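J.: I'd like to ask you about the structure that follows.
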Amino acid sequence: MGLEREGASVWRYYFLLVGMLCLKTYLVYRFVFSLTIRGAGEETLLIINSIGSILLLLGIGLFRKKSKPGLMLTVYFLLSILLYGDVLYYRFYIDFITVPVLFQFGNVGGLSQSTVELLNVYDPLLVLDSLVLFWLMKRWKLKPVSLSPVRKKKISIGAVGVFVATAAIALAMSPMLFEKSYDRELFVKSLGAYTYHIYDIGFNSFTSITSVFADDTDISDIQKFVEKKKVEASSYEGVAEGKNVIIISLESTQAFMLNESIDGKPAMPFLNDLKEDSFYFPNFYHQTAQGKTSDAEFMIDNSLYPLSGGSVFVRKPENEFFSLPEALKAEDYTTTSFHGNDREFWNRAEMYETLGYDRFYSKKDYDVSEENSINYGLKDIPFFEQSIPYLKELKQPFSAKFLTLTNHFPYLLEEEDTMMPLPETEEEVVNRYFATVRYEDEAIKRFFEDLKSAGLYEDSIFVLYGDHYGLSETYNTALGEYFGEEIGAVEHVMLQKVPLIIHIPGQEGKEFDTVGGQVDLKPTILELLGVEENPSLNFGTSLLSTKRQELVIFRDGSFVTNNLIYTENTCYNKETGKKTNRNKCGRYFGQVQDELDYSDKVIYGDLLRFVE
Ligand code: GP9
Ligand code: MN
């Protein structure tokens, strides 16, 4: 075989790999990622957006002194693995992997312990095609070879040209792409999955050194911004002064479950009764991102937004924070957290130290056996039971946070713990969710009984909140089947409501219609306790105030007000659920962007260390 022919085989092989990967990537976009595509323009962009990056990345093997088919195939294989990683992660989280997520991989339980639920029979095809291409490489007897310089130049200029041209089209279609890089769906839709990953690596390397360059001038605009948001205290200020604070994180519990029952058997009988006798917030949303439970904890303790990628618990445990435990400690509270899993999980041991928790009761403080645990660990009923003696010992007043665990994906429970009939949708995950939610409700009921017997009920205030969704968008079809109506963009946002019940013994129940989220919980709790925090910097506002702005901002830049929903780049009328004039949502765009940016700046720059 002549040199020229050998070279021709190699660049043909390169284009074959490029074509295969483009096709595979597009099929994943279309059949795995549920991207909202509007019109032929966006569809075309989706087809072409990764061609440039694939040409360049596989070019690593081509544009060298000697073109190496083996290196091309290696890059092809690695990109296929990356694509498969994206597929697995997306199936549950409806999101894209970020660099920080890789560092907290041991914590991303949805993948590590429950991967089987996320697998599909066709999955091997995504990586096994590399074997066929390897066979082809051998059959074509491809070896490292020098391409003619003219040919190499033509291909490389073409590859750069395609990359630049598609990026220019994407930017023309979404000029704010980089300002809103936390909207990962938009990024992938515009610039493609591989460019997204390269950008994410660069962005995270940059933000990891941001704090080194920050100084005290960076915080003053942010202080002014949050100062303007402050609202005057309500008539409930101090109604729970000096009481113990018992916070219960309801794992994966969505608000709609409060009203569900099967064959007349309610899913949450206890919480349903309790809410009648409590401050109840039916328009309360979770605002978590990739940090899941830890994001909810972070917001509730700090009234800052979580980061768009990864968990602050894992990424920024050495920062200075003005936390709820610190504010309570200044009032002589003993501050504690209880969790039936390992201390190190989600880096809690270290972060709790930073946030000012006096004591963390974790797995090693409990009697955990095979019989009393399931899925992520100790079941909720024994968890609460075994916590009572510790609570009794605590010096009062105390704050105690309880992280429940049994209602966690993939919602496993033994027959004997199943306390209600289950729905019969096509998704077992959805059906089982009812059983674990019902179990969680029972555990809390018994906990309240035990607290009463222990004499700890009267002098306490109880805050029960759902940490984040339990059924991701993946299960919307089955959930729609259960509700008997299709779940569109608007219904999906409504499903992000989580329960918020604040129970103060002796205080009459009341429903608060205000639209709020987890970032608002810290100022709410402090107001009820009548605690003035100093210094303070809260992005949220008390949910008890009638003067507060009705706005909840989600980490991807979407938001909800009392009459509007902005999601997937579309403005909806909340009442009718129909699309409405974008300008109505437009007046919030600036504020939404500022809130997320300022909160990010505080965290990345560790700016609270500069506040006197
Ligand atoms: C486990 C707890 C629950 O410690 O964080 O898992 P998550 O909801 O964060 O996946
Ligand atoms: Mn959780």
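For the structure tokens, the naming scheme is as follows: chains receive sequential letters (A, B, ...) according to their order of presentation, residues are indexed from 1 within each chain, and ligands are indexed from 1 in presentation order.
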List the spatial neighbours of segment 206-211 of chain A as a list of chain:residue names - criterion: any atom at most 6 Å away, only C-alpha atoms, same-chain residues fewer than 6 positions off excluded.
T.: A:Tyr604, A:Gly605, A:Asp606
J.: At a cut-off of 6 Å around ligand 2, and using only C-alpha atoms and all ligand atoms, what residues come up? Please write them as a list of chain:residue names.
T.: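 Selection of residues at most 6 Å from ligand 2: A:Glu251, A:Ser252, A:Lys292, A:Thr293, A:Asp467.
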J.: May I have the residues from that selection written out with C-alpha atoms, as a CSV table (one decimal), in the first residue's frame?
T.:
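Written out: out.csv:
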chain,number,residue,atom,x,y,z
A,251,GLU,CA,-36.3,13.4,52.6
A,252,SER,CA,-37.5,13.7,49.0
A,292,LYS,CA,-29.6,17.7,47.1
A,293,THR,CA,-30.3,17.4,50.9
A,467,ASP,CA,-35.7,18.9,51.1
J.: Which residues of chain A come within 9 Å of ligand 1, and what is each one's closest atom pair and distance in Å (one decimal), counting only C-alpha atoms and all ligand atoms, sorted by chain and residue number, as JSON lines?
T.:
{"residue": "A:Asn107", "atom": "CA", "partner": "ligand 1", "partner_atom_place_in_ligand_line": "10 (O)", "distance": 6.9}
{"residue": "A:Val108", "atom": "CA", "partner": "ligand 1", "partner_atom_place_in_ligand_line": "10 (O)", "distance": 5.9}
{"residue": "A:Gly109", "atom": "CA", "partner": "ligand 1", "partner_atom_place_in_ligand_line": "10 (O)", "distance": 5.3}
{"residue": "A:Gly110", "atom": "CA", "partner": "ligand 1", "partner_atom_place_in_ligand_line": "10 (O)", "distance": 6.4}
{"residue": "A:Glu251", "atom": "CA", "partner": "ligand 1", "partner_atom_place_in_ligand_line": "8 (O)", "distance": 6.4}
{"residue": "A:Ser252", "atom": "CA", "partner": "ligand 1", "partner_atom_place_in_ligand_line": "8 (O)", "distance": 6.5}
{"residue": "A:Gln290", "atom": "CA", "partner": "ligand 1", "partner_atom_place_in_ligand_line": "9 (O)", "distance": 8.7}
{"residue": "A:Gly291", "atom": "CA", "partner": "ligand 1", "partner_atom_place_in_ligand_line": "9 (O)", "distance": 6.4}
{"residue": "A:Lys292", "atom": "CA", "partner": "ligand 1", "partner_atom_place_in_ligand_line": "9 (O)", "distance": 4.3}
{"residue": "A:Thr293", "atom": "CA", "partner": "ligand 1", "partner_atom_place_in_ligand_line": "9 (O)", "distance": 3.9}
{"residue": "A:Ser294", "atom": "CA", "partner": "ligand 1", "partner_atom_place_in_ligand_line": "9 (O)", "distance": 5.8}
{"residue": "A:Asp295", "atom": "CA", "partner": "ligand 1", "partner_atom_place_in_ligand_line": "9 (O)", "distance": 8.0}
{"residue": "A:Ala296", "atom": "CA", "partner": "ligand 1", "partner_atom_place_in_ligand_line": "9 (O)", "distance": 8.9}
{"residue": "A:His339", "atom": "CA", "partner": "ligand 1", "partner_atom_place_in_ligand_line": "4 (O)", "distance": 7.3}
{"residue": "A:Gly340", "atom": "CA", "partner": "ligand 1", "partner_atom_place_in_ligand_line": "4 (O)", "distance": 7.9}
{"residue": "A:Asn341", "atom": "CA", "partner": "ligand 1", "partner_atom_place_in_ligand_line": "4 (O)", "distance": 5.7}
{"residue": "A:Asp342", "atom": "CA", "partner": "ligand 1", "partner_atom_place_in_ligand_line": "4 (O)", "distance": 7.3}
{"residue": "A:Arg343", "atom": "CA", "partner": "ligand 1", "partner_atom_place_in_ligand_line": "4 (O)", "distance": 8.5}
{"residue": "A:Glu344", "atom": "CA", "partner": "ligand 1", "partner_atom_place_in_ligand_line": "4 (O)", "distance": 8.8}
{"residue": "A:Phe345", "atom": "CA", "partner": "ligand 1", "partner_atom_place_in_ligand_line": "4 (O)", "distance": 5.5}
{"residue": "A:Trp346", "atom": "CA", "partner": "ligand 1", "partner_atom_place_in_ligand_line": "4 (O)", "distance": 6.4}
{"residue": "A:Arg348", "atom": "CA", "partner": "ligand 1", "partner_atom_place_in_ligand_line": "4 (O)", "distance": 8.4}
{"residue": "A:Tyr376", "atom": "CA", "partner": "ligand 1", "partner_atom_place_in_ligand_line": "1 (C)", "distance": 6.9}
{"residue": "A:Gly377", "atom": "CA", "partner": "ligand 1", "partner_atom_place_in_ligand_line": "1 (C)", "distance": 8.8}
{"residue": "A:Leu403", "atom": "CA", "partner": "ligand 1", "partner_atom_place_in_ligand_line": "2 (C)", "distance": 7.4}
{"residue": "A:Thr404", "atom": "CA", "partner": "ligand 1", "partner_atom_place_in_ligand_line": "3 (C)", "distance": 8.0}
{"residue": "A:Leu405", "atom": "CA", "partner": "ligand 1", "partner_atom_place_in_ligand_line": "3 (C)", "distance": 6.2}
{"residue": "A:His408", "atom": "CA", "partner": "ligand 1", "partner_atom_place_in_ligand_line": "8 (O)", "distance": 6.6}
{"residue": "A:Phe409", "atom": "CA", "partner": "ligand 1", "partner_atom_place_in_ligand_line": "10 (O)", "distance": 7.9}
{"residue": "A:Asp467", "atom": "CA", "partner": "ligand 1", "partner_atom_place_in_ligand_line": "8 (O)", "distance": 7.5}
{"residue": "A:His468", "atom": "CA", "partner": "ligand 1", "partner_atom_place_in_ligand_line": "8 (O)", "distance": 7.5}
{"residue": "A:Gly470", "atom": "CA", "partner": "ligand 1", "partner_atom_place_in_ligand_line": "8 (O)", "distance": 8.5}
J.: Please, which residues of segment 136-333 of chain A, numbered as in this document, come out strand (DSSP E) from DSSP, as a PyMOL selection string?
T.: chain A and resi 244-250+261-262+265-266+279-280+284-285
J.: DSSP on the backbone: which residues in segment 311-553 of chain A end up as alpha helix (DSSP H)? Give the answer as a short mmCIF file (atom, residue, chain, number, x, y, z; two decimals) with C-alpha atoms, in the first residue's frame.
T.:
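Generated file (selection-v7.cif):
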data_model
loop_
_atom_site.label_atom_id
_atom_site.label_comp_id
_atom_site.auth_asym_id
_atom_site.auth_seq_id
_atom_site.Cartn_x
_atom_site.Cartn_y
_atom_site.Cartn_z
CA VAL A 312 -21.33 23.98 48.93
CA PHE A 313 -20.89 21.43 51.76
CA VAL A 314 -18.27 19.66 49.67
CA ARG A 315 -16.79 22.62 47.81
CA LEU A 324 -28.53 29.79 61.93
CA PRO A 325 -26.61 27.72 64.54
CA GLU A 326 -24.20 30.64 65.09
CA ALA A 327 -27.11 33.06 65.58
CA LEU A 328 -28.70 30.65 68.08
CA LYS A 329 -25.46 30.04 69.92
CA ARG A 348 -21.22 17.04 56.90
CA ALA A 349 -18.74 16.55 59.73
CA GLU A 350 -16.48 19.28 58.39
CA MET A 351 -19.22 21.66 57.24
CA TYR A 352 -21.18 21.34 60.51
CA GLU A 353 -18.05 22.42 62.34
CA THR A 354 -17.86 25.51 60.12
CA LEU A 355 -21.57 26.25 60.56
CA ASP A 380 -36.80 6.61 60.28
CA ILE A 381 -38.78 4.94 63.11
CA PRO A 382 -35.74 3.54 64.98
CA PHE A 383 -33.81 6.71 64.08
CA PHE A 384 -36.26 8.94 65.94
CA GLU A 385 -36.73 6.39 68.75
CA GLN A 386 -33.00 6.18 69.43
CA SER A 387 -32.63 9.98 69.23
CA ILE A 388 -34.95 10.64 72.19
CA PRO A 389 -32.42 9.77 74.95
CA TYR A 390 -29.86 12.09 73.35
CA LEU A 391 -32.40 14.91 73.16
CA LYS A 392 -33.32 14.44 76.80
CA GLU A 393 -29.69 14.93 77.78
CA GLU A 428 -42.58 0.87 40.29
CA VAL A 429 -40.54 3.80 41.62
CA VAL A 430 -43.66 6.00 41.65
CA ASN A 431 -45.75 3.29 43.33
CA ARG A 432 -43.15 2.57 45.98
CA TYR A 433 -42.78 6.31 46.71
CA PHE A 434 -46.22 6.23 48.35
CA ALA A 435 -45.15 3.47 50.71
CA THR A 436 -42.00 5.24 51.91
CA VAL A 437 -43.75 8.61 52.30
CA ARG A 438 -46.44 6.90 54.38
CA TYR A 439 -43.73 5.28 56.52
CA GLU A 440 -42.01 8.63 57.04
CA ASP A 441 -45.31 10.17 58.20
CA GLU A 442 -45.73 7.36 60.72
CA ALA A 443 -42.19 7.85 62.02
CA ILE A 444 -42.86 11.55 62.65
CA LYS A 445 -46.15 10.78 64.37
CA ARG A 446 -44.38 8.43 66.79
CA PHE A 447 -41.61 10.98 67.31
CA PHE A 448 -44.14 13.59 68.39
CA GLU A 449 -45.71 11.08 70.81
CA ASP A 450 -42.31 10.26 72.26
CA LEU A 451 -41.43 13.95 72.60
CA LYS A 452 -44.66 14.50 74.52
CA SER A 453 -43.86 11.61 76.86
CA ASN A 476 -43.71 12.63 34.90
CA THR A 477 -45.42 10.24 32.49
CA ALA A 478 -46.26 7.76 35.25
CA LEU A 479 -47.23 10.55 37.61
CA GLY A 480 -49.43 12.06 34.88
CA GLU A 481 -51.07 8.65 34.52
CA TYR A 482 -51.75 8.67 38.26
CA PHE A 483 -53.18 12.22 38.25
CA ALA A 489 -43.82 22.62 32.08
CA VAL A 490 -46.20 24.50 34.41
CA GLU A 491 -47.35 21.39 36.29
CA HIS A 492 -43.73 20.34 36.65
CA VAL A 493 -42.85 23.61 38.38
CA MET A 494 -45.87 23.18 40.68
CA LEU A 521 -36.64 29.86 56.09
CA LYS A 522 -33.76 31.22 58.19
CA PRO A 523 -35.19 34.76 58.52
CA THR A 524 -38.60 33.19 59.26
CA ILE A 525 -37.26 31.04 62.10
CA LEU A 526 -35.21 33.90 63.56
CA GLU A 527 -38.27 36.17 63.52
CA LEU A 528 -40.39 33.61 65.39
CA LEU A 529 -37.65 33.25 67.98
#
J.: Distance atom CA of Glu370 of chain A-atom CA of Phe338 of chain A, one decimal place?
T.: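 Going from atom CA of Glu370 of chain A over to atom CA of Phe338 of chain A covers 19.8 Å.
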J.: With only C-alpha atoms as the counted atoms, please give the residues lying no more than 9 Å from Tyr305 of chain A, apart from itself and same-chain residues fewer than 6 positions off, as a VMD selection string.
T.: chain A and resid 287 to 288 295 298 to 299 518 to 519 539 554 to 555 595 to 596 599 to 600
J.: What's the 8 Å shell around segment 194-197 of chain A, counting only C-alpha atoms, without same-chain residues fewer than 3 positions away, as a ChimeraX atom specification?
T.: /A:50,53-54,98,184,187-188,191,200-201
J.: Write the residues of the selection above to a file with C-alpha atoms, as a PDB file, in the first residue's frame.
T.:
ATOM      1  CA  SER A  50     -21.275  19.186  18.449  1.00  0.00           C
ATOM      2  CA  SER A  53     -16.005  20.083  18.968  1.00  0.00           C
ATOM      3  CA  ILE A  54     -15.947  16.458  17.783  1.00  0.00           C
ATOM      4  CA  THR A  98     -20.388  19.126  36.520  1.00  0.00           C
ATOM      5  CA  ARG A 184     -26.969  23.941  31.672  1.00  0.00           C
ATOM      6  CA  PHE A 187     -25.678  25.579  27.214  1.00  0.00           C
ATOM      7  CA  VAL A 188     -25.842  21.996  25.956  1.00  0.00           C
ATOM      8  CA  LEU A 191     -22.882  24.643  22.159  1.00  0.00           C
ATOM      9  CA  ASP A 200     -17.341  23.557  32.905  1.00  0.00           C
ATOM     10  CA  ILE A 201     -13.761  22.395  33.567  1.00  0.00           C
TER      11      ILE A 201
END
